[in-house]
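Participant: One structure is given below, represented as structure tokens, and several questions about it will come after.
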Number of protein chains: 2
Amino acid sequence: MADGPTINTIAERAGVSIASVSRVLNGLPTRQETVRKVMAAADELGYVRNAVARSLKSRRTHQVAFAMADIGNPAYLAMLREIQPVLKAAGYRLVLHSTDAVVADEIDVLHSLGERYVDGLIMSPLRVTEAHLEMLAAARAPVVIIGSVPEGTRVDNVRADSRTGVRLAVDHLYELGRRRIAMVNGPLDTVPGAARGAAYREALADLGLPYDDDLVQIGDFYRRQGRGAVADLLARVPDVDALMCANDLIALGALDVLRAAGRRVPEDVAVVGMDDTDLAAASWPSLTSVSLGSAERGKAAAELLLERLRGGDREPRVVTVPPRLSVRASTAGAEYERTYRARTETGGTRTDNKASKENEE
Amino acid sequence: MADGPTINTIAERAGVSIASVSRVLNGLPTRQETVRKVMAAADELGYVRNAVARSLKSRRTHQVAFAMADIGNPAYLAMLREIQPVLKAAGYRLVLHSTDAVVADEIDVLHSLGERYVDGLIMSPLRVTEAHLEMLAAARAPVVIIGSVPEGTRVDNVRADSRTGVRLAVDHLYELGRRRIAMVNGPLDTVPGAARGAAYREALADLGLPYDDDLVQIGDFYRRQGRGAVADLLARVPDVDALMCANDLIALGALDVLRAAGRRVPEDVAVVGMDDTDLAAASWPSLTSVSLGSAERGKAAAELLLERLRGGDREPRVVTVPPRLSVRASTAGAEYERTYRARTETGGTRTDNKASKENEE
DNA sequence: CCCACTACCGTAAACGTTTACAGAGATCGT
DNA sequence: ACGATCTCTGTAAACGTTTACGGTAGTGGG
């Protein structure tokens, strides 16, 4: 592991100057004889270019950072799964940051762009604060934000449309004949919580259904909460016939409680989740879920960033990814399970068909 | 986004030399007056250290790479979730590689260590070839391998013990009174497939159960395969009363088929998976699964690497992580579900309690 | 035979840091 | 009052590349 060879070592051995070595290694026009000598020397020495020195001179690191709130969140992982190959194909390495949704950490990542250890950044903040906006305006490298930023923010931006997503789900439940549709939401002071709550109200109004405070249950975004919240709800509104859950974990908790209470899903109560994670396809009954296109958003973000890294300036762009409803048994029923699911690998979505190719030892 | 300030800019502005600037920024002893001037200048200019130049001089990048076979595999993600915070706490960034289990890609990653863009590497190869071993011997930076390498390979190594894992599961099934225990395995030419198959045979022998070829079904590691394989198995051996599945996906496929065939789980057939992924806790009935300690292995690997990055030379170490059986309803029955699961957040494992804190917009 | 041109190559500067070394003042003991 | 010692600072080299620039040798034309 002694100090590796540099272009100086090669130059010496090949009897040429370091400039020639560099030219050969970069494929610039050079006499055949020189090329041969340099290549031979490089081979013999097992030379590998020093990426750091290269970056210093070229001001390009060929690295891109992805900052996610929570590395345990399947939605972010879905993004990651799409981002990685896009960057790899373009010759960029991926540097991962998990900020645990701590604002200071996110600001820190933004700040560290000044260190120039990456050429660009994809970030998916949970909340967008004033501090975020300031740092974004001053960012020393291109940034793409996954999630909504205020109008007028000069930054590339990939959005989900959870409003339409909720709408899709509520309409679906309505078409199935449900009229007492409850919402189990997360905290209203988060961006997703607020958006989904508002969308639920809107959707009901458009369908001519009355809005009933009793039908709204607020908790957090965990499964345990799903259980507690739904238990409360059932006690309060026994005639509820559908649950719109603000994410898949809550919905899984709901399934647990409904089962324990002897309510059939979907005959008595239909359940819809959000995010369409792997868990939705894996549960029993499989969970109808609104995909907010995490995978697509990741892909779009990566492509936006590459575009900006390649091209010069252009106006910031906003890409909105449409939601999609993955209908499964928790609304469509067991018949669906037996016929549709039995024919397909994953229960009807494409989200987990890459999962677990093989396992290590 | 104009060219940012360097220590030269600061030196000029503060009226001192770049050496002094560097000293101040690194906290080396300096006169108070100078410190003040430099700090002021740095603040006004919004100076941020250039990480690349720093790395070039110090020969340290404060980056570590993690190369996984498949970014979609929950087992690797579990490793990643543990590796990331350990590295972050030690001030290292994480560079992610997904090799798709292509040997050439893995060799490539190993080779690229010579580029010195990272200080070390954690790698989890699916198969370990001659080429791997050669590159490992010649590696230009510390490497930790997750997975087994041949005896005598001079490299830090973190192993699972799938042999004991299978043993745990089979013993558990035996204690539950099962005597016709089948094995649904993946390809025998993979390291995990071979190890698990052999372990199954051994476990039966030790329990005094006869080995029956009919009870072994080979497929791949996907859920679809799980369905097909188990359907075949049921047709061939109707009196089977337990399934030992080589991973969770296969086991989920098994649950699908058993349900469709009207067999009760676990009353008629008990089912065990392996890897103890999030899916195991999410399914219904929840799946008993053998954890091979992906999370622990990730953590151990990160710690081994840090140790080597900090300390000088030491003999390569081998760490073996013991397996653990997570008993859930697919063997312990509905009683378990109602009592145990209802009390706990996640259905009895600790693998998904960090999942999906909140969701983006 | 000289000039212009081409093709190739070497010298040296630059990227932005860190750090060894030595010089300049200040302080101290005698 | 003078050298010794100490504290602080600046100069310059180094890390390993890329690349602008100029030089040299060879070729062909006039």
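Identifiers in the structure tokens: chain A, B, ... in order shown; residue index from 1 per chain; ligand index from 1 in order shown.
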Got a sec to pull out which chain A residues are within 12 Å of chain D, counting only C-alpha atoms (C1' of nucleotides), and send them as JSON, numbers by chain?

Facilitator: {"A": [4, 5, 6, 7, 8, 9, 18, 19, 20, 21, 22, 23, 25, 26, 28, 48, 49, 50, 51, 52, 53, 54, 55, 56, 57, 58, 59]}

Participant: By least-squares superposition of chain A on chain B, using all C-alpha atoms in order, what RMSD in Å to one decimal is obtained?

Facilitator: 0.2 Å

Participant: Which residues in segment 146-279 of chain A does DSSP call strand (DSSP E or B)? List them as a ChimeraX atom specification.

Facilitator: /A:146,156-159,181-185,216-218,242-245,270-274

Participant: Would you pick out the contacts of Ala69 of chain B at 7 Å or less, using only C-alpha atoms (C1' of nucleotides), so that residues sharing its chain but fewer than 5 positions from it are not included, and give the list as a ChimeraX atom specification?

Facilitator: /B:98-101,124-126

Participant: Emit the selected residues as an mmCIF file, in the first residue's frame, including C-alpha atoms.

Facilitator:
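This went into selection_32.cif:
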data_model
loop_
_atom_site.group_PDB
_atom_site.id
_atom_site.type_symbol
_atom_site.label_atom_id
_atom_site.label_comp_id
_atom_site.auth_asym_id
_atom_site.auth_seq_id
_atom_site.Cartn_x
_atom_site.Cartn_y
_atom_site.Cartn_z
ATOM 1 C CA SER B 98 -25.022 -0.325 -6.579
ATOM 2 C CA THR B 99 -23.312 -3.027 -8.576
ATOM 3 C CA ASP B 100 -26.336 -5.107 -9.537
ATOM 4 C CA ALA B 101 -24.265 -8.086 -8.464
ATOM 5 C CA SER B 124 -21.094 -6.818 0.246
ATOM 6 C CA PRO B 125 -20.518 -9.036 -2.775
ATOM 7 C CA LEU B 126 -22.899 -11.863 -3.606
#

Participant: Would you give me, as a Markdown table, each residue of chain C having an atom within 10 Å of an atom of chain B, along with its shortest atom pair and that distance in Å to one decimal, using only C-alpha atoms (C1' of nucleotides) and sorting by chain and residue number?

Facilitator:
| residue | atom | partner | partner_atom | distance |
| --- | --- | --- | --- | --- |
| C:DC15 | C1' | B:Ala53 | CA | 7.9 |
| C:DG16 | C1' | B:Ala53 | CA | 5.0 |
| C:DT17 | C1' | B:Arg54 | CA | 5.0 |
| C:DT18 | C1' | B:Lys57 | CA | 6.3 |
| C:DT19 | C1' | B:Ala19 | CA | 8.5 |

Participant: Using only C-alpha atoms, can you tell me which of B:Val230, B:Ala40, B:Ile145, B:Leu77 comes closest to Val318 of chain B?

Facilitator: B:Ile145

Participant: Record the distance separating atom CA of Pro187 of chain A and atom CA of Asp220 of chain A, expressed in Å with one decimal.

Facilitator: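 About the pair atom CA of Pro187 of chain A and atom CA of Asp220 of chain A: they are 5.6 Å apart.
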
Participant: What gap, in Å, lies between atom CA of Leu121 of chain B and atom CA of Gly120 of chain A?

Facilitator: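 These atoms are spaced 22.8 Å apart.
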
Participant: So the first atom is atom CA of Thr34 of chain A and the second is atom CA of Thr61 of chain A; what is the distance between them in Å, to one decimal place?

Facilitator: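 These two atoms are separated by 29.0 Å.
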
Participant: Identify, on the basis of only C-alpha atoms (C1' of nucleotides), every residue whose closest approach to His97 of chain B does not exceed 10 Å; exclude the query and any residue fewer than 5 positions from it along the same chain; express the result as a PDB file with N, CA and C atoms, in the first residue's frame.

Facilitator:
ATOM      1  N   GLN A  84     -30.121   6.709  -8.322  1.00  0.00           N
ATOM      2  CA  GLN A  84     -28.800   6.090  -8.411  1.00  0.00           C
ATOM      3  C   GLN A  84     -28.420   5.695  -9.840  1.00  0.00           C
ATOM      4  N   PRO A  85     -29.243   4.886 -10.517  1.00  0.00           N
ATOM      5  CA  PRO A  85     -28.830   4.467 -11.864  1.00  0.00           C
ATOM      6  C   PRO A  85     -28.710   5.621 -12.852  1.00  0.00           C
ATOM      7  N   LYS A  88     -25.399   7.197 -12.131  1.00  0.00           N
ATOM      8  CA  LYS A  88     -24.322   6.275 -12.479  1.00  0.00           C
ATOM      9  C   LYS A  88     -24.097   6.262 -13.991  1.00  0.00           C
ATOM     10  N   ARG A  93     -20.925   9.858  -9.165  1.00  0.00           N
ATOM     11  CA  ARG A  93     -21.086   9.090  -7.933  1.00  0.00           C
ATOM     12  C   ARG A  93     -22.156   9.741  -7.073  1.00  0.00           C
ATOM     13  N   LEU A  94     -22.720   8.959  -6.179  1.00  0.00           N
ATOM     14  CA  LEU A  94     -23.810   9.448  -5.333  1.00  0.00           C
ATOM     15  C   LEU A  94     -23.350   9.531  -3.889  1.00  0.00           C
ATOM     16  N   VAL A  95     -23.465  10.715  -3.317  1.00  0.00           N
ATOM     17  CA  VAL A  95     -23.149  10.888  -1.904  1.00  0.00           C
ATOM     18  C   VAL A  95     -24.458  11.032  -1.140  1.00  0.00           C
TER      19      VAL A  95
ATOM     20  N   ALA B  65     -16.965   4.583   0.909  1.00  0.00           N
ATOM     21  CA  ALA B  65     -17.914   4.029  -0.054  1.00  0.00           C
ATOM     22  C   ALA B  65     -18.584   2.789   0.505  1.00  0.00           C
ATOM     23  N   PHE B  66     -19.843   2.607   0.123  1.00  0.00           N
ATOM     24  CA  PHE B  66     -20.535   1.366   0.430  1.00  0.00           C
ATOM     25  C   PHE B  66     -21.039   0.789  -0.882  1.00  0.00           C
ATOM     26  N   ALA B  67     -20.581  -0.402  -1.206  1.00  0.00           N
ATOM     27  CA  ALA B  67     -20.991  -1.038  -2.453  1.00  0.00           C
ATOM     28  C   ALA B  67     -21.926  -2.187  -2.149  1.00  0.00           C
ATOM     29  N   MET B  68     -23.148  -2.070  -2.595  1.00  0.00           N
ATOM     30  CA  MET B  68     -24.142  -3.102  -2.358  1.00  0.00           C
ATOM     31  C   MET B  68     -24.499  -3.735  -3.689  1.00  0.00           C
ATOM     32  N   ALA B  69     -24.997  -4.976  -3.626  1.00  0.00           N
ATOM     33  CA  ALA B  69     -25.313  -5.655  -4.875  1.00  0.00           C
ATOM     34  C   ALA B  69     -26.545  -5.036  -5.515  1.00  0.00           C
ATOM     35  N   ASP B  70     -27.513  -4.686  -4.707  1.00  0.00           N
ATOM     36  CA  ASP B  70     -28.800  -4.326  -5.275  1.00  0.00           C
ATOM     37  C   ASP B  70     -29.491  -3.358  -4.336  1.00  0.00           C
ATOM     38  N   ILE B  71     -29.658  -2.160  -4.816  1.00  0.00           N
ATOM     39  CA  ILE B  71     -30.188  -1.109  -3.969  1.00  0.00           C
ATOM     40  C   ILE B  71     -31.650  -1.345  -3.634  1.00  0.00           C
ATOM     41  N   ASP B 105     -18.572  -4.975 -12.280  1.00  0.00           N
ATOM     42  CA  ASP B 105     -18.838  -3.721 -11.582  1.00  0.00           C
ATOM     43  C   ASP B 105     -18.169  -3.700 -10.216  1.00  0.00           C
ATOM     44  N   GLU B 106     -18.211  -4.826  -9.553  1.00  0.00           N
ATOM     45  CA  GLU B 106     -17.614  -4.883  -8.232  1.00  0.00           C
ATOM     46  C   GLU B 106     -16.100  -4.716  -8.316  1.00  0.00           C
ATOM     47  N   VAL B 109     -15.303  -1.127  -8.774  1.00  0.00           N
ATOM     48  CA  VAL B 109     -15.334  -0.344  -7.543  1.00  0.00           C
ATOM     49  C   VAL B 109     -14.027  -0.535  -6.785  1.00  0.00           C
ATOM     50  N   MET B 123     -17.969  -3.406   1.376  1.00  0.00           N
ATOM     51  CA  MET B 123     -18.545  -4.066   0.204  1.00  0.00           C
ATOM     52  C   MET B 123     -19.233  -5.339   0.609  1.00  0.00           C
TER      53      MET B 123
END

Participant: If we count only C-alpha atoms (C1' of nucleotides), what is near segment 254-262 of chain B at a cut-off of 10 Å, once residues fewer than 6 positions away on the same chain are taken out, given as a ChimeraX atom specification?

Facilitator: /A:282,284,337-338,341-342,347 /B:184,223-231,234,243,245,248,268-273,283-287,330

Participant: Using the selection just defined, write its residues with C-alpha atoms as a JSON list (two decimals), in the first residue's frame.

Facilitator:
[["chain", "number", "residue", "atom", "x", "y", "z"],
["A", 282, "ALA", "CA", -47.15, -7.25, 0.83],
["A", 284, "TRP", "CA", -53.06, -8.97, 3.63],
["A", 337, "GLU", "CA", -56.86, -10.91, -4.67],
["A", 338, "ARG", "CA", -57.68, -14.35, -5.94],
["A", 341, "ARG", "CA", -52.96, -11.15, -7.68],
["A", 342, "ALA", "CA", -52.56, -14.85, -8.30],
["A", 347, "GLY", "CA", -49.79, -8.16, -6.41],
["B", 184, "VAL", "CA", -38.11, -23.73, -0.33],
["B", 223, "ARG", "CA", -42.06, -13.85, -4.46],
["B", 224, "ARG", "CA", -43.48, -15.15, -7.71],
["B", 225, "GLN", "CA", -41.14, -18.05, -7.46],
["B", 226, "GLY", "CA", -42.35, -18.60, -3.95],
["B", 227, "ARG", "CA", -45.85, -19.04, -5.29],
["B", 228, "GLY", "CA", -44.94, -21.46, -8.04],
["B", 229, "ALA", "CA", -42.60, -23.47, -5.89],
["B", 230, "VAL", "CA", -45.03, -23.85, -3.05],
["B", 231, "ALA", "CA", -47.86, -24.80, -5.38],
["B", 234, "LEU", "CA", -48.26, -28.84, -2.03],
["B", 243, "LEU", "CA", -42.24, -24.49, 5.26],
["B", 245, "CYS", "CA", -38.33, -20.49, 3.18],
["B", 248, "ASP", "CA", -39.02, -13.42, 3.19],
["B", 268, "ASP", "CA", -52.21, -26.56, 8.91],
["B", 269, "VAL", "CA", -48.88, -25.30, 7.69],
["B", 270, "ALA", "CA", -46.40, -23.16, 9.60],
["B", 271, "VAL", "CA", -44.20, -20.79, 7.60],
["B", 272, "VAL", "CA", -40.80, -19.28, 8.36],
["B", 273, "GLY", "CA", -38.97, -16.73, 6.27],
["B", 283, "SER", "CA", -47.78, -9.20, 6.30],
["B", 284, "TRP", "CA", -50.86, -11.00, 7.54],
["B", 285, "PRO", "CA", -50.41, -13.26, 9.27],
["B", 286, "SER", "CA", -47.19, -11.68, 10.34],
["B", 287, "LEU", "CA", -44.27, -13.80, 9.33],
["B", 330, "SER", "CA", -47.10, -17.60, 10.89]]

Participant: For a quick check of understanding, using only C-alpha atoms, which of B:Val38, B:Leu249, B:Met135, B:Ala198 has the smallest distance to chain A?

Facilitator: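 For chain A, the nearest of the candidates is B:Leu249.
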
Participant: Please run DSSP on the backbone and report, as a VMD selection string, all residues within segment 298-333 of chain A that come out as alpha helix (DSSP H).

Facilitator: chain A and resid 298 to 310 329 to 332
